>>> print(open('target-v4.cif').read())   # mmCIF, C-alpha atoms
data_final
loop_
_atom_site.label_atom_id
_atom_site.label_comp_id
_atom_site.auth_asym_id
_atom_site.auth_seq_id
_atom_site.Cartn_x
_atom_site.Cartn_y
_atom_site.Cartn_z
CA ALA A 1 196.30 244.01 71.89
CA GLY A 2 198.97 244.76 74.50
CA VAL A 3 196.56 244.04 77.36
CA MET A 4 195.49 240.79 75.67
CA LEU A 5 199.11 239.66 75.31
CA GLN A 6 199.92 240.54 78.89
CA ALA A 7 196.79 238.77 80.16
CA ARG A 8 197.32 235.61 78.07
CA ALA A 9 201.08 235.62 78.74
CA PRO A 10 202.11 233.17 75.99
CA PHE A 11 205.72 234.21 76.64
CA ALA A 12 207.79 236.27 79.05
CA PRO A 13 211.00 238.29 78.86
CA GLY A 14 213.88 235.91 78.25
CA ASP A 15 211.84 233.42 76.18
CA LEU A 16 212.94 232.49 72.68
CA VAL A 17 209.97 232.88 70.34
CA ASP A 18 208.93 232.67 66.70
CA LEU A 19 206.37 235.34 65.86
CA GLY A 20 205.53 234.79 62.23
CA GLU A 21 208.72 235.58 60.36
CA GLN A 22 210.52 236.99 63.41
CA ARG A 23 212.60 234.88 65.80
CA GLY A 24 214.29 236.25 68.88
CA VAL A 25 214.51 236.53 72.62
CA VAL A 26 211.71 238.56 74.23
CA VAL A 27 213.09 241.69 75.87
CA GLU A 28 209.80 243.41 76.73
CA VAL A 29 206.06 243.32 76.14
CA ASN A 30 204.51 246.77 76.36
CA SER A 31 201.21 248.36 75.36
CA ARG A 32 202.21 248.70 71.70
CA THR A 33 204.92 246.19 70.79
CA VAL A 34 206.80 243.04 71.66
CA ILE A 35 210.51 243.79 71.61
CA LEU A 36 212.81 240.98 70.42
CA ASP A 37 216.59 240.66 70.28
CA THR A 38 217.63 238.46 67.37
CA ILE A 39 220.64 236.14 67.16
CA ASP A 40 222.26 238.47 64.63
CA GLY A 41 222.16 241.44 67.01
CA ARG A 42 219.06 243.24 65.75
CA ARG A 43 216.34 244.59 68.03
CA ILE A 44 212.88 244.22 66.50
CA HIS A 45 209.66 245.88 67.66
CA VAL A 46 206.75 243.70 66.54
CA PRO A 47 203.34 245.42 66.80
CA ASN A 48 201.12 243.61 69.29
CA GLN A 49 198.27 243.27 66.81
CA ARG A 50 200.59 241.49 64.38
CA VAL A 51 201.65 239.14 67.20
CA LEU A 52 198.01 238.32 67.95
CA ASP A 53 197.32 237.71 64.25
CA THR A 54 200.10 235.11 63.85
CA ASP A 55 201.08 231.80 65.38
CA ILE A 56 203.10 232.27 68.55
CA VAL A 57 205.74 229.60 69.03
CA ASN A 58 207.50 229.67 72.38
CA LEU A 59 210.69 227.72 71.72
CA SER A 60 211.92 227.92 75.30
CA SER A 61 208.80 226.81 77.15
CA ARG A 62 210.22 223.29 77.57
CA ARG A 63 213.60 221.99 78.66
CA ALA A 64 214.47 220.64 75.20
CA ARG A 65 213.83 221.17 71.50
CA MET A 66 214.24 218.89 68.53
CA SER A 67 216.23 219.63 65.40
CA GLU A 68 216.23 217.64 62.19
CA ILE A 69 219.36 217.10 60.12
CA ALA A 70 218.87 215.97 56.52
CA LEU A 71 221.38 213.38 55.35
CA ASP A 72 221.29 212.74 51.60
CA VAL A 73 222.96 209.44 50.71
CA THR A 74 223.46 207.66 47.41
CA TYR A 75 220.82 205.25 46.13
CA ASP A 76 223.08 202.21 46.58
CA THR A 77 223.49 202.85 50.33
CA ASP A 78 222.47 200.22 52.89
CA LEU A 79 219.78 202.41 54.48
CA ASP A 80 219.44 200.40 57.70
CA ARG A 81 223.18 200.72 58.27
CA ALA A 82 223.21 204.44 57.40
CA CYS A 83 220.40 205.14 59.89
CA ASP A 84 222.11 203.07 62.58
CA LEU A 85 225.47 204.79 62.05
CA ALA A 86 223.86 208.24 62.20
CA VAL A 87 222.13 207.42 65.49
CA ARG A 88 225.33 205.97 66.96
CA ALA A 89 227.33 209.02 65.86
CA ALA A 90 224.75 211.34 67.45
CA GLY A 91 224.87 209.29 70.64
CA GLY A 92 228.41 210.49 71.26
CA VAL A 93 227.68 214.21 70.91
CA GLU A 94 227.90 216.07 74.22
CA HIS A 95 225.55 218.89 73.17
CA LEU A 96 222.57 216.53 72.85
CA HIS A 97 220.04 215.39 75.39
CA SER A 98 219.96 211.64 75.92
CA ASP A 99 216.19 211.57 76.44
CA PRO A 100 214.57 211.36 73.96
CA VAL A 101 217.33 209.49 72.17
CA PRO A 102 218.41 210.46 68.63
CA ALA A 103 216.41 208.75 65.88
CA ALA A 104 216.92 208.36 62.13
CA ALA A 105 214.53 207.30 59.39
CA VAL A 106 214.30 207.40 55.62
CA SER A 107 212.05 210.30 54.74
CA SER A 108 212.02 210.56 50.94
CA PHE A 109 213.52 209.62 47.61
CA GLU A 110 214.96 212.74 46.02
CA ALA A 111 216.10 213.20 42.42
CA SER A 112 219.72 212.34 43.24
CA ALA A 113 219.59 210.92 46.76
CA VAL A 114 217.77 209.03 49.45
CA ARG A 115 217.03 211.47 52.28
CA ILE A 116 217.48 210.31 55.86
CA ILE A 117 216.27 212.61 58.62
CA LEU A 118 218.18 212.48 61.89
CA ARG A 119 216.24 213.90 64.84
CA VAL A 120 218.17 215.10 67.87
CA TRP A 121 217.16 216.88 71.08
CA HIS A 122 219.06 219.77 72.63
CA GLY A 123 218.60 222.77 74.91
CA PRO A 124 215.91 225.29 73.99
CA ASP A 125 218.12 228.31 73.28
CA LEU A 126 219.52 229.26 69.87
CA HIS A 127 223.14 228.62 70.80
CA SER A 128 222.30 225.10 71.98
CA GLU A 129 220.59 224.43 68.65
CA TRP A 130 223.56 225.81 66.73
CA ASP A 131 226.12 223.80 68.73
CA ALA A 132 224.06 220.58 68.64
CA VAL A 133 223.42 220.65 64.89
CA ASP A 134 227.05 221.51 64.13
CA ALA A 135 228.56 218.86 66.42
CA THR A 136 226.09 216.19 65.28
CA SER A 137 226.62 216.95 61.59
CA ARG A 138 230.38 216.70 62.04
CA ALA A 139 230.08 213.43 63.97
CA VAL A 140 227.84 211.87 61.32
CA HIS A 141 230.11 213.08 58.52
CA GLN A 142 233.13 211.52 60.23
CA ARG A 143 231.27 208.24 60.90
CA TYR A 144 230.01 208.03 57.32
CA GLN A 145 233.50 208.74 55.90
CA THR A 146 235.16 206.04 58.00
CA SER A 147 232.35 203.59 57.17
CA GLY A 148 232.35 204.17 53.42
CA ILE A 149 228.89 205.74 53.20
CA GLU A 150 228.73 208.37 50.48
CA PHE A 151 226.77 211.58 50.64
CA ALA A 152 224.91 212.21 47.41
CA PHE A 153 225.25 215.32 45.33
CA PRO A 154 222.82 216.75 42.79
CA GLN A 155 223.33 215.32 39.34
CA GLN A 156 221.44 215.03 36.08
CA THR A 157 221.61 212.66 33.14
CA LEU A 158 221.07 214.29 29.76
CA TRP A 159 219.83 212.26 26.81
CA TRP A 160 220.20 213.78 23.35
CA GLY A 161 217.65 211.61 21.63
CA ALA A 162 215.83 208.31 21.63
CA ASP A 163 218.75 206.46 20.00
CA GLN A 164 221.34 207.49 22.56
CA ARG A 165 221.11 205.71 25.89
CA PRO A 166 223.79 205.98 28.55
CA THR A 167 225.59 202.72 29.20
CA PRO A 168 225.76 201.54 32.81
CA GLY A 169 229.08 202.68 34.26
CA GLY A 170 229.91 204.45 31.00
CA SER A 171 230.91 208.07 30.51
CA ASP A 172 228.07 209.05 28.15
#
>>> encode(input="target-v4.cif", output="structure tokens")
Amino acid sequence: AGVMLQARAPFAPGDLVDLGEQRGVVVEVNSRTVILDTIDGRRIHVPNQRVLDTDIVNLSSRRARMSEIALDVTYDTDLDRACDLAVRAAGGVEHLHSDPVPAAAVSSFEASAVRIILRVWHGPDLHSEWDAVDATSRAVHQRYQTSGIEFAFPQQTLWWGADQRPTPGGSD
């Protein structure tokens, strides 16, 4: 398995990889294991056979990676405006790549919210991802607050029987 990994060379020392449930920077590939350093300071030895039996995702093989940020807004939100404001807010974030440009789209209708997914591109390393998602989330939050767009929060309506119906705008 070690010879196969070294011959195929799907990654090299210094690459950020996902190997099944393990994510880290490759330190070494030897005859028995792939050694990873994780973002939380652990060193993991992943047996080569396990690496060959799983999907290998090399997160640093390109100059940029995409992250998705879920934005849950209330059902009465102007969705075109919310998407536009999210993209404009992301456009001012220094940690992001300008090509491809940020993009936002409605992705689903959740129980208590309409979910918008904002896609942004950043450097391939973990710290770039962390910084980009943080800075973008803060920028969108600020833009939404100043524009009057509300983030949704989980809520439930309880009905105690067929005769009791909540009144619109009431406190039932």
>>> resolve_selection(input="target-v4.cif", expression="the PyMOL selection byres ((chain A and resi 11) around 9)", output="list of chain:residue names")
A:Leu5, A:Gln6, A:Arg8, A:Ala9, A:Pro10, A:Ala12, A:Pro13, A:Gly14, A:Asp15, A:Leu16, A:Val17, A:Val26, A:Ile56, A:Val57, A:Asn58, A:Ser60, A:Ser61
>>> residues_around(input="target-v4.cif", residues="A:Ala104", least_positions_apart="3", cutoff="12 Å", atoms="only C-alpha atoms", output="list in words")
Ser67, Glu68, Ile69, Ala70, Leu71, Leu79, Asp80, Arg81, Ala82, Cys83, Asp84, Leu85, Ala86, Val87, Arg88, Ala89, Ala90, Gly91, Val101, Ser107, Arg115, Ile116, Ile117, Leu118, Arg119, Val120 and Val140 of chain A
>>> atom_distance(input="target-v4.cif", atom1="atom CA of A:Arg62", atom2="atom CA of A:Val133")
18.5 Å
>>> residues_near_point(input="target-v4.cif", point="(221.8, 230.1, 66.8)", cutoff="12 Å", atoms="only C-alpha atoms", output="JSON, numbers by chain")
{"A": [16, 23, 24, 25, 38, 39, 40, 41, 67, 123, 124, 125, 126, 127, 128, 129, 130, 131, 132, 133, 134]}
>>> write_last_selection(input="target-v4.cif", atoms="C-alpha atoms", output="PDB file, in the coordinates of the input")
ATOM      1  CA  LEU A  16     212.940 232.490  72.680  1.00  0.00           C
ATOM      2  CA  ARG A  23     212.600 234.880  65.800  1.00  0.00           C
ATOM      3  CA  GLY A  24     214.290 236.250  68.880  1.00  0.00           C
ATOM      4  CA  VAL A  25     214.510 236.530  72.620  1.00  0.00           C
ATOM      5  CA  THR A  38     217.630 238.460  67.370  1.00  0.00           C
ATOM      6  CA  ILE A  39     220.640 236.140  67.160  1.00  0.00           C
ATOM      7  CA  ASP A  40     222.260 238.470  64.630  1.00  0.00           C
ATOM      8  CA  GLY A  41     222.160 241.440  67.010  1.00  0.00           C
ATOM      9  CA  SER A  67     216.230 219.630  65.400  1.00  0.00           C
ATOM     10  CA  GLY A 123     218.600 222.770  74.910  1.00  0.00           C
ATOM     11  CA  PRO A 124     215.910 225.290  73.990  1.00  0.00           C
ATOM     12  CA  ASP A 125     218.120 228.310  73.280  1.00  0.00           C
ATOM     13  CA  LEU A 126     219.520 229.260  69.870  1.00  0.00           C
ATOM     14  CA  HIS A 127     223.140 228.620  70.800  1.00  0.00           C
ATOM     15  CA  SER A 128     222.300 225.100  71.980  1.00  0.00           C
ATOM     16  CA  GLU A 129     220.590 224.430  68.650  1.00  0.00           C
ATOM     17  CA  TRP A 130     223.560 225.810  66.730  1.00  0.00           C
ATOM     18  CA  ASP A 131     226.120 223.800  68.730  1.00  0.00           C
ATOM     19  CA  ALA A 132     224.060 220.580  68.640  1.00  0.00           C
ATOM     20  CA  VAL A 133     223.420 220.650  64.890  1.00  0.00           C
ATOM     21  CA  ASP A 134     227.050 221.510  64.130  1.00  0.00           C
TER      22      ASP A 134
END
>>> atom_distance(input="target-v4.cif", atom1="atom CA of A:Val73", atom2="atom CA of A:Phe153")
8.3 Å
>>> resolve_selection(input="target-v4.cif", expression="the PyMOL selection byres ((chain A and resi 150) around 10)", output="ChimeraX atom specification")
/A:72-77,82,141,144-145,147-149,151-153
>>> atom_distance(input="target-v4.cif", atom1="atom CA of A:Ala113", atom2="atom CA of A:Pro100")
27.7 Å
>>> resolve_selection(input="target-v4.cif", expression="the PyMOL selection byres ((chain A and resi 156) around 9)", output="PDB file with C-alpha atoms, in the coordinates of the input")
ATOM      1  CA  ALA A 111     216.100 213.200  42.420  1.00  0.00           C
ATOM      2  CA  SER A 112     219.720 212.340  43.240  1.00  0.00           C
ATOM      3  CA  PRO A 154     222.820 216.750  42.790  1.00  0.00           C
ATOM      4  CA  GLN A 155     223.330 215.320  39.340  1.00  0.00           C
ATOM      5  CA  THR A 157     221.610 212.660  33.140  1.00  0.00           C
ATOM      6  CA  LEU A 158     221.070 214.290  29.760  1.00  0.00           C
TER       7      LEU A 158
END
>>> closest_residue(input="target-v4.cif", among="A:Glu94, A:Asp78, A:Glu21, A:Glu28", to="A:Arg43", atoms="all atoms listed in the file")
A:Glu28
>>> closest_residue(input="target-v4.cif", among="A:Asn48, A:Thr146, A:Ser108, A:Ser98", to="A:Ile35", atoms="all atoms listed in the file")
A:Asn48
>>> closest_residue(input="target-v4.cif", among="A:Gln142, A:Thr136, A:Thr54, A:Gln49", to="A:Thr33", atoms="only C-alpha atoms")
A:Gln49
>>> closest_residue(input="target-v4.cif", among="A:Met66, A:Ala135, A:Leu59, A:Leu19", to="A:Val46", atoms="only C-alpha atoms")
A:Leu19
>>> closest_residue(input="target-v4.cif", among="A:Gln22, A:Ser31, A:Arg65, A:His97", to="A:Ile44", atoms="all atoms listed in the file")
A:Gln22
